Amino acid sequence: MLRDRQTILLLFFMPVALIFFMSLALEGVWTDKLTGRKIQLVIENKSNLPKANLLVEKIKSNKMVQLLDRPQGLDNEQIFEDGKTHAVVVIPRGFDEGDKPVEIYFNPVMDAGYKIAARSLITSATVEVIMGIENLDTVIAGLIAEKAKENRAFPTPLQQTVPAYAIFAMFFIAIPMSIGFLKEKQNGTLQRLFTYPINTNLVVLGKIAPYYLINIIQFVLMLLVGVYLMSHIITYPFHLGGHPWQMLPVTLVVAAATTGFGVLVAALARTPEQSSTLAATGAILMGAFGGIMVPHVVMPQLMKQMAMISPMYWAHQAYLDIFLRDASFMSILPKLIVLLAFALICFYLAGRRIKWM
Amino acid sequence: MKALEISTITFCYDKATECALQSFSLSVEEGQIQAMLGPNGAGKTTLMRIITGQLMVKSGEVAVYGRRMPDQTSLGSIGYAPQPISLYPTLTARENLKFFGTMAGMADGKIGERAEAVLAETGLVSYALKYVNTYSGGMLRRLNLAVALLHEPKLLLLDEPTVGVDPQSRNHIYQTLARLNESGVTILLSTHIMEEAQRLCSRVTLVDQGKDIFSGEMNKIDNLEKFFLEKTGRGLRDE
């Protein structure tokens, strides 16, 4: 297999590319969801009277706001099109007299959360100006106390993508593995091996072992890419959690599940073409369901429950337990048992189906 | 002594309407080259797979040098060259031999020594380091045979060893088999080439529809092809 360069490329460079692009893509989601990016506003002060000027100052001084100048000659629609402005705030003539309200034009594709935040911010500032309150937040702080637990659910982009696409690529081992088995079955080398005085289980084990080893190397390499390469590209750090050694048993069990899947594909398929289609489709579906392509945490409730049918979900959650939740080995164990059961079922079904002999 | 003794074995594949072998018996004396002839689908390959332990019979008995099969020790005394070219195409000839030698339980030193011997025997020494996927049909057949000879088997099972090769390679294989037989190796040769069977074999067994329909001395048959057609019929065997 080492002489098959295309397969090596598929198994090692495909996940690196996915980790790179998906981490960059998720960086924005992470920023929006947890850190928050500044609300970008264009303010048009048509009044220029004291209250209107004070309102502009109050909005400008808010740390969540980034004021932008309206590019010359562009109307609202045009400046929203380039995606850099969340909203345009117009303070009309007559505002100081209480004749006309502040107008807010929102970017039509603005995230709903940002819209609420922007409206709330401008409302507070306007109320402060109109009611003569110095700082509304100080008043509200006496009425509402914010409490937040430590985030143990939403992974950073690298915590999500490194294990996700390492697992995804590990399941892709089913393609070369099943093709290899089928080719050997078709050209008779596998049958020939069974004519030697050696235990047949050992022969099969000997065929699986290299792929198992490749899986482990895949994970280690992806981890190194995450720690030493991607962490310099992505803004957010890649925390490995308090017990990174737990990655060892998890990886060993995940590799058992992936090789089990490979053997099952080899048993079900009749031709190498069938096996590559079956393995790729299976891996992509498991990835789509299992929180690999779309992070599990952002899935709707029904999808979150459906994700549990995918072994990739259990594998990914086991890694997230380590990275994100500092979980003890005992709390990871049930996930490992599910993965082991998947592996055993695959090997059992393959054993019943395969007519090697 | 009998190198191979098969007594009334019956074997049926799953979901098959008819059994591939029915009460089949065969006996091969040590030191003989015995031909096994039969139309396509007669059961010859199935028989070889049973002897080599790939298929298990539910009734009857197979014994190699007096030991009832399946028996790990006896498997080591069998050399099997299957009809498909059963080699690793992305390995060189020497790498293939090393791999199969290891499977046969041979020591590294012994593998090296025997690999040189079988490569010389099959005329492949100068191609030993070339990848098998660059070999011609005749070279593949000879290497397929070389792998079977590597561990110095006492009983050689050959399933159509000259199919698809040119007369030169075929002649080389015939000479190799004759030399092996002279050195005491017993050979069971399955073939469709009547000339090959008549040239090499002292005994012949005809197989048809899973049954042994004839066994006897080769020198008592004048025209083997005519005899074969008389025994098995002239109808096409497309199924």
# chains A, B, ... in the order shown; residues from 1 in each chain; ligands from 1
call {"tool": "residues_around", "arguments": {"residues": "range 62-67 of chain B", "least_positions_apart": "2", "cutoff": "9 Å", "atoms": "only C-alpha atoms", "output": "list of chain:residue names"}}
result
B:Met1, B:Lys2, B:Ala3, B:Leu4, B:Glu5, B:Ile6, B:Ser7, B:Thr8, B:Ile9, B:Glu30, B:Ile50, B:Ile51, B:Val57, B:Gly60, B:Met69, B:Pro70, B:Asp71, B:Thr73, B:Ser74, B:Leu75, B:Ser77, B:Ile78, B:Leu155
call {"tool": "write_last_selection", "arguments": {"atoms": "C-alpha atoms", "output": "CSV table (one decimal), in the first residue's frame"}}
result
chain,number,residue,atom,x,y,z
B,1,MET,CA,2.8,-45.1,-0.2
B,2,LYS,CA,-0.1,-43.0,-1.2
B,3,ALA,CA,0.7,-39.3,-1.5
B,4,LEU,CA,-3.0,-38.4,-1.7
B,5,GLU,CA,-6.0,-40.5,-0.8
B,6,ILE,CA,-9.5,-39.1,-1.3
B,7,SER,CA,-12.3,-41.4,-0.3
B,8,THR,CA,-15.9,-40.8,-1.3
B,9,ILE,CA,-16.1,-37.1,-0.6
B,30,GLU,CA,4.0,-41.1,-4.2
B,50,ILE,CA,-10.6,-29.1,-0.6
B,51,ILE,CA,-7.2,-30.8,-0.6
B,57,VAL,CA,-16.2,-31.6,3.2
B,60,GLY,CA,-15.8,-38.5,3.1
B,69,MET,CA,-6.9,-33.4,6.3
B,70,PRO,CA,-7.2,-30.7,7.4
B,71,ASP,CA,-3.9,-31.0,9.1
B,73,THR,CA,1.7,-30.4,9.1
B,74,SER,CA,0.4,-31.9,5.9
B,75,LEU,CA,-0.5,-28.4,4.5
B,77,SER,CA,4.0,-30.6,2.5
B,78,ILE,CA,1.7,-29.4,-0.2
B,155,LEU,CA,3.0,-33.0,-3.2
call {"tool": "select_by_dssp", "arguments": {"residues": "range 31-225 of chain B", "states": "strand (DSSP E or B)", "output": "PyMOL selection string"}}
result
chain B and resi 33-37+59-64+67-68+78-81+92+131+155-159+186-190+203-208+211-217
call {"tool": "atom_distance", "arguments": {"atom1": "CA of Thr232 in chain B", "atom2": "CA of Arg170 in chain B"}}
result
26.1 Å
call {"tool": "closest_atom_pairs", "arguments": {"of": "chain B", "to": "chain A", "cutoff": "12 Å", "atoms": "only C-alpha atoms", "output": "Markdown table"}}
result
| residue | atom | partner | partner_atom | distance |
| --- | --- | --- | --- | --- |
| B:Tyr13 | CA | A:Lys355 | CA | 10.7 |
| B:Asp14 | CA | A:Lys355 | CA | 10.2 |
| B:Thr46 | CA | A:Met357 | CA | 11.0 |
| B:Met48 | CA | A:Thr195 | CA | 10.2 |
| B:Arg49 | CA | A:Thr195 | CA | 8.3 |
| B:Ile50 | CA | A:Met357 | CA | 9.8 |
| B:Ile51 | CA | A:Thr195 | CA | 9.0 |
| B:Thr52 | CA | A:Thr195 | CA | 5.2 |
| B:Gly53 | CA | A:Thr195 | CA | 6.2 |
| B:Gln54 | CA | A:Met357 | CA | 4.9 |
| B:Leu55 | CA | A:Met357 | CA | 6.0 |
| B:Met56 | CA | A:Met357 | CA | 8.9 |
| B:Met69 | CA | A:Pro197 | CA | 11.7 |
| B:Pro70 | CA | A:Pro197 | CA | 9.8 |
| B:Asp71 | CA | A:Pro197 | CA | 8.2 |
| B:Gln72 | CA | A:Pro197 | CA | 4.8 |
| B:Thr73 | CA | A:Pro197 | CA | 6.8 |
| B:Ser74 | CA | A:Pro197 | CA | 8.1 |
| B:Leu75 | CA | A:Pro197 | CA | 5.5 |
| B:Gly76 | CA | A:Pro197 | CA | 5.7 |
| B:Ser77 | CA | A:Pro197 | CA | 9.3 |
| B:Ile78 | CA | A:Thr195 | CA | 8.4 |
| B:Gly79 | CA | A:Thr195 | CA | 8.6 |
| B:Tyr80 | CA | A:Thr195 | CA | 7.6 |
| B:Ala81 | CA | A:Arg192 | CA | 8.3 |
| B:Pro82 | CA | A:Arg192 | CA | 7.5 |
| B:Gln83 | CA | A:Gly188 | CA | 8.7 |
| B:Pro84 | CA | A:Asn187 | CA | 6.1 |
| B:Ile85 | CA | A:Asn187 | CA | 6.4 |
| B:Ser86 | CA | A:Thr189 | CA | 4.5 |
| B:Leu87 | CA | A:Thr189 | CA | 5.9 |
| B:Tyr88 | CA | A:Thr189 | CA | 7.3 |
| B:Pro89 | CA | A:Asn187 | CA | 9.9 |
| B:Thr90 | CA | A:Arg3 | CA | 7.4 |
| B:Leu91 | CA | A:Arg3 | CA | 9.2 |
| B:Thr92 | CA | A:Arg3 | CA | 11.9 |
| B:Asn96 | CA | A:Thr189 | CA | 10.6 |
| B:Phe99 | CA | A:Leu193 | CA | 10.0 |
| B:Phe100 | CA | A:Leu193 | CA | 7.7 |
| B:Gly101 | CA | A:Tyr196 | CA | 9.6 |
| B:Thr102 | CA | A:Tyr196 | CA | 9.8 |
| B:Met103 | CA | A:Tyr196 | CA | 6.4 |
| B:Ala104 | CA | A:Tyr196 | CA | 5.6 |
| B:Gly105 | CA | A:Pro197 | CA | 7.8 |
| B:Met106 | CA | A:Pro197 | CA | 11.0 |
| B:Tyr131 | CA | A:Arg3 | CA | 11.2 |
| B:Asn144 | CA | A:Thr189 | CA | 10.4 |
| B:Val147 | CA | A:Arg192 | CA | 10.2 |
| B:Ala148 | CA | A:Arg192 | CA | 9.6 |
| B:Leu150 | CA | A:Tyr196 | CA | 11.9 |
| B:His151 | CA | A:Tyr196 | CA | 10.2 |
| B:Pro153 | CA | A:Tyr196 | CA | 11.3 |
| B:Leu157 | CA | A:Thr195 | CA | 11.1 |
call {"tool": "atom_distance", "arguments": {"atom1": "CA of Val265 in chain A", "atom2": "CA of Ala174 in chain A"}}
result
7.0 Å
call {"tool": "residues_around", "arguments": {"residues": "Ala128 in chain B", "least_positions_apart": "2", "cutoff": "7 Å", "atoms": "only C-alpha atoms", "output": "list of chain:residue names"}}
result
B:Thr92, B:Ala93, B:Arg94, B:Leu124, B:Val125, B:Ser126, B:Lys130
call {"tool": "write_last_selection", "arguments": {"atoms": "C-alpha atoms", "output": "PDB file, in the first residue's frame"}}
result
ATOM      1  CA  THR B  92       8.835  -7.755  -6.937  1.00  0.00           C
ATOM      2  CA  ALA B  93       9.253 -11.482  -7.580  1.00  0.00           C
ATOM      3  CA  ARG B  94      11.716 -11.743  -4.718  1.00  0.00           C
ATOM      4  CA  LEU B 124      13.297 -15.626 -13.631  1.00  0.00           C
ATOM      5  CA  VAL B 125      16.633 -14.751 -11.991  1.00  0.00           C
ATOM      6  CA  SER B 126      17.173 -11.657 -14.121  1.00  0.00           C
ATOM      7  CA  LYS B 130      11.176  -6.267 -11.189  1.00  0.00           C
TER       8      LYS B 130
END
call {"tool": "select_by_dssp", "arguments": {"residues": "range 1-236 of chain B", "states": "alpha helix (DSSP H)", "output": "ChimeraX atom specification"}}
result
/B:44-51,72-76,93-103,108-121,137-149,167-182,194-200,224-232
call {"tool": "residues_around", "arguments": {"residues": "Met36 in chain B", "least_positions_apart": "2", "cutoff": "8 Å", "atoms": "only C-alpha atoms", "output": "PyMOL selection string"}}
result
chain B and resi 34+38+44+188-191+204-207
call {"tool": "write_last_selection", "arguments": {"atoms": "all heavy atoms", "output": "mmCIF file, in the first residue's frame"}}
result
data_model
loop_
_atom_site.group_PDB
_atom_site.id
_atom_site.type_symbol
_atom_site.label_atom_id
_atom_site.label_comp_id
_atom_site.auth_asym_id
_atom_site.auth_seq_id
_atom_site.Cartn_x
_atom_site.Cartn_y
_atom_site.Cartn_z
ATOM 1 N N GLN B 34 0.048 -37.309 -11.905
ATOM 2 C CA GLN B 34 -1.303 -37.747 -12.292
ATOM 3 C C GLN B 34 -2.076 -36.580 -12.885
ATOM 4 O O GLN B 34 -2.105 -35.495 -12.302
ATOM 5 C CB GLN B 34 -2.032 -38.308 -11.072
ATOM 6 C CG GLN B 34 -3.441 -38.739 -11.412
ATOM 7 C CD GLN B 34 -3.894 -39.930 -10.601
ATOM 8 O OE1 GLN B 34 -3.088 -40.651 -10.007
ATOM 9 N NE2 GLN B 34 -5.189 -40.151 -10.577
ATOM 10 N N GLY B 38 -11.157 -32.815 -17.083
ATOM 11 C CA GLY B 38 -12.607 -32.704 -16.991
ATOM 12 C C GLY B 38 -13.072 -31.435 -17.647
ATOM 13 O O GLY B 38 -12.300 -30.483 -17.768
ATOM 14 N N LYS B 44 -12.866 -29.858 -10.649
ATOM 15 C CA LYS B 44 -11.410 -30.035 -10.467
ATOM 16 C C LYS B 44 -10.836 -29.000 -9.484
ATOM 17 O O LYS B 44 -10.094 -29.348 -8.572
ATOM 18 C CB LYS B 44 -10.685 -29.903 -11.820
ATOM 19 C CG LYS B 44 -11.176 -30.848 -12.898
ATOM 20 C CD LYS B 44 -10.373 -30.738 -14.169
ATOM 21 C CE LYS B 44 -10.466 -29.398 -14.867
ATOM 22 N NZ LYS B 44 -11.812 -29.051 -15.370
ATOM 23 N N LEU B 188 -0.149 -33.567 -8.914
ATOM 24 C CA LEU B 188 -1.514 -33.726 -9.426
ATOM 25 C C LEU B 188 -1.767 -32.525 -10.329
ATOM 26 O O LEU B 188 -1.742 -31.377 -9.870
ATOM 27 C CB LEU B 188 -2.529 -33.763 -8.275
ATOM 28 C CG LEU B 188 -3.999 -33.883 -8.685
ATOM 29 C CD1 LEU B 188 -4.277 -35.177 -9.442
ATOM 30 C CD2 LEU B 188 -4.916 -33.804 -7.457
ATOM 31 N N LEU B 189 -1.974 -32.815 -11.608
ATOM 32 C CA LEU B 189 -2.034 -31.751 -12.613
ATOM 33 C C LEU B 189 -3.431 -31.672 -13.219
ATOM 34 O O LEU B 189 -3.896 -32.620 -13.854
ATOM 35 C CB LEU B 189 -1.009 -32.065 -13.718
ATOM 36 C CG LEU B 189 -1.031 -31.201 -14.970
ATOM 37 C CD1 LEU B 189 -0.545 -29.802 -14.681
ATOM 38 C CD2 LEU B 189 -0.168 -31.833 -16.061
ATOM 39 N N SER B 190 -4.083 -30.518 -12.995
ATOM 40 C CA SER B 190 -5.382 -30.297 -13.615
ATOM 41 C C SER B 190 -5.155 -29.489 -14.888
ATOM 42 O O SER B 190 -4.491 -28.456 -14.862
ATOM 43 C CB SER B 190 -6.274 -29.519 -12.648
ATOM 44 O OG SER B 190 -7.394 -29.033 -13.320
ATOM 45 N N THR B 191 -5.664 -29.987 -16.002
ATOM 46 C CA THR B 191 -5.412 -29.287 -17.270
ATOM 47 C C THR B 191 -6.507 -29.577 -18.291
ATOM 48 O O THR B 191 -7.259 -30.547 -18.167
ATOM 49 C CB THR B 191 -4.034 -29.698 -17.847
ATOM 50 O OG1 THR B 191 -3.796 -28.966 -19.035
ATOM 51 C CG2 THR B 191 -3.948 -31.178 -18.127
ATOM 52 N N VAL B 204 -4.156 -40.984 -15.322
ATOM 53 C CA VAL B 204 -5.157 -39.958 -15.590
ATOM 54 C C VAL B 204 -6.464 -40.286 -14.870
ATOM 55 O O VAL B 204 -6.843 -41.455 -14.765
ATOM 56 C CB VAL B 204 -5.390 -39.792 -17.116
ATOM 57 C CG1 VAL B 204 -5.884 -41.080 -17.757
ATOM 58 C CG2 VAL B 204 -6.361 -38.640 -17.417
ATOM 59 N N THR B 205 -7.099 -39.214 -14.383
ATOM 60 C CA THR B 205 -8.434 -39.345 -13.800
ATOM 61 C C THR B 205 -9.362 -38.384 -14.542
ATOM 62 O O THR B 205 -8.989 -37.233 -14.761
ATOM 63 C CB THR B 205 -8.411 -38.989 -12.289
ATOM 64 O OG1 THR B 205 -7.683 -39.992 -11.602
ATOM 65 C CG2 THR B 205 -9.817 -38.893 -11.708
ATOM 66 N N LEU B 206 -10.498 -38.893 -14.967
ATOM 67 C CA LEU B 206 -11.476 -38.022 -15.618
ATOM 68 C C LEU B 206 -12.566 -37.660 -14.605
ATOM 69 O O LEU B 206 -13.079 -38.536 -13.895
ATOM 70 C CB LEU B 206 -12.122 -38.715 -16.813
ATOM 71 C CG LEU B 206 -11.219 -39.110 -17.988
ATOM 72 C CD1 LEU B 206 -12.074 -39.587 -19.177
ATOM 73 C CD2 LEU B 206 -10.361 -37.939 -18.425
ATOM 74 N N VAL B 207 -12.861 -36.367 -14.558
ATOM 75 C CA VAL B 207 -13.892 -35.868 -13.635
ATOM 76 C C VAL B 207 -14.994 -35.247 -14.474
ATOM 77 O O VAL B 207 -14.715 -34.478 -15.394
ATOM 78 C CB VAL B 207 -13.300 -34.779 -12.704
ATOM 79 C CG1 VAL B 207 -14.312 -34.374 -11.644
ATOM 80 C CG2 VAL B 207 -12.002 -35.227 -12.067
#
call {"tool": "residues_around", "arguments": {"residues": "His239 in chain A", "least_positions_apart": "4", "cutoff": "12 Å", "atoms": "only C-alpha atoms", "output": "PyMOL selection string"}}
result
chain A and resi 155-160+162+223+226-227+231+243-244+319-326
call {"tool": "write_last_selection", "arguments": {"atoms": "N, CA and C atoms", "output": "PDB file, in the first residue's frame"}}
result
ATOM      1  N   PRO A 155     -16.948  23.757  21.143  1.00  0.00           N
ATOM      2  CA  PRO A 155     -15.500  23.622  20.923  1.00  0.00           C
ATOM      3  C   PRO A 155     -14.936  24.793  20.123  1.00  0.00           C
ATOM      4  N   THR A 156     -13.660  25.065  20.329  1.00  0.00           N
ATOM      5  CA  THR A 156     -12.997  26.057  19.483  1.00  0.00           C
ATOM      6  C   THR A 156     -12.870  25.446  18.082  1.00  0.00           C
ATOM      7  N   PRO A 157     -12.596  26.272  17.093  1.00  0.00           N
ATOM      8  CA  PRO A 157     -12.526  25.708  15.724  1.00  0.00           C
ATOM      9  C   PRO A 157     -11.592  24.508  15.627  1.00  0.00           C
ATOM     10  N   LEU A 158     -10.436  24.568  16.271  1.00  0.00           N
ATOM     11  CA  LEU A 158      -9.490  23.441  16.164  1.00  0.00           C
ATOM     12  C   LEU A 158      -9.936  22.248  16.997  1.00  0.00           C
ATOM     13  N   GLN A 159     -10.541  22.522  18.153  1.00  0.00           N
ATOM     14  CA  GLN A 159     -11.063  21.397  18.953  1.00  0.00           C
ATOM     15  C   GLN A 159     -12.140  20.649  18.175  1.00  0.00           C
ATOM     16  N   GLN A 160     -12.893  21.387  17.354  1.00  0.00           N
ATOM     17  CA  GLN A 160     -13.926  20.745  16.535  1.00  0.00           C
ATOM     18  C   GLN A 160     -13.311  20.025  15.334  1.00  0.00           C
ATOM     19  N   VAL A 162     -10.035  19.320  14.237  1.00  0.00           N
ATOM     20  CA  VAL A 162      -8.904  18.366  14.243  1.00  0.00           C
ATOM     21  C   VAL A 162      -9.387  16.944  14.523  1.00  0.00           C
ATOM     22  N   LEU A 223      -3.207  15.551  14.738  1.00  0.00           N
ATOM     23  CA  LEU A 223      -3.045  16.238  16.023  1.00  0.00           C
ATOM     24  C   LEU A 223      -1.844  17.187  15.948  1.00  0.00           C
ATOM     25  N   GLY A 226      -2.694  20.168  13.971  1.00  0.00           N
ATOM     26  CA  GLY A 226      -3.527  21.069  14.775  1.00  0.00           C
ATOM     27  C   GLY A 226      -2.710  21.862  15.774  1.00  0.00           C
ATOM     28  N   VAL A 227      -1.817  21.159  16.486  1.00  0.00           N
ATOM     29  CA  VAL A 227      -1.060  21.798  17.572  1.00  0.00           C
ATOM     30  C   VAL A 227       0.025  22.722  17.027  1.00  0.00           C
ATOM     31  N   SER A 231      -2.623  26.098  14.903  1.00  0.00           N
ATOM     32  CA  SER A 231      -2.767  27.017  16.034  1.00  0.00           C
ATOM     33  C   SER A 231      -2.059  28.350  15.765  1.00  0.00           C
ATOM     34  N   HIS A 243      -6.304  15.928  30.573  1.00  0.00           N
ATOM     35  CA  HIS A 243      -5.849  14.529  30.524  1.00  0.00           C
ATOM     36  C   HIS A 243      -5.619  14.085  29.074  1.00  0.00           C
ATOM     37  N   PRO A 244      -4.661  14.693  28.405  1.00  0.00           N
ATOM     38  CA  PRO A 244      -4.487  14.342  26.973  1.00  0.00           C
ATOM     39  C   PRO A 244      -4.094  12.887  26.733  1.00  0.00           C
ATOM     40  N   TYR A 319     -13.414  12.551  22.022  1.00  0.00           N
ATOM     41  CA  TYR A 319     -12.296  13.505  21.948  1.00  0.00           C
ATOM     42  C   TYR A 319     -12.685  14.849  22.568  1.00  0.00           C
ATOM     43  N   LEU A 320     -13.927  15.290  22.322  1.00  0.00           N
ATOM     44  CA  LEU A 320     -14.358  16.576  22.905  1.00  0.00           C
ATOM     45  C   LEU A 320     -14.426  16.482  24.421  1.00  0.00           C
ATOM     46  N   ASP A 321     -14.770  15.308  24.933  1.00  0.00           N
ATOM     47  CA  ASP A 321     -14.745  15.097  26.396  1.00  0.00           C
ATOM     48  C   ASP A 321     -13.342  15.393  26.924  1.00  0.00           C
ATOM     49  N   ILE A 322     -12.339  14.960  26.180  1.00  0.00           N
ATOM     50  CA  ILE A 322     -10.948  15.151  26.619  1.00  0.00           C
ATOM     51  C   ILE A 322     -10.549  16.622  26.472  1.00  0.00           C
ATOM     52  N   PHE A 323     -10.811  17.184  25.300  1.00  0.00           N
ATOM     53  CA  PHE A 323     -10.328  18.547  25.007  1.00  0.00           C
ATOM     54  C   PHE A 323     -11.095  19.628  25.757  1.00  0.00           C
ATOM     55  N   LEU A 324     -12.407  19.449  25.828  1.00  0.00           N
ATOM     56  CA  LEU A 324     -13.286  20.539  26.232  1.00  0.00           C
ATOM     57  C   LEU A 324     -13.809  20.378  27.655  1.00  0.00           C
ATOM     58  N   ARG A 325     -13.996  19.126  28.068  1.00  0.00           N
ATOM     59  CA  ARG A 325     -14.719  18.909  29.335  1.00  0.00           C
ATOM     60  C   ARG A 325     -13.847  18.343  30.439  1.00  0.00           C
ATOM     61  N   ASP A 326     -12.552  18.126  30.144  1.00  0.00           N
ATOM     62  CA  ASP A 326     -11.633  17.537  31.129  1.00  0.00           C
ATOM     63  C   ASP A 326     -12.243  16.290  31.770  1.00  0.00           C
TER      64      ASP A 326
END
call {"tool": "atom_distance", "arguments": {"atom1": "CA of Glu44 in chain A", "atom2": "CA of Val129 in chain A"}}
result
16.8 Å
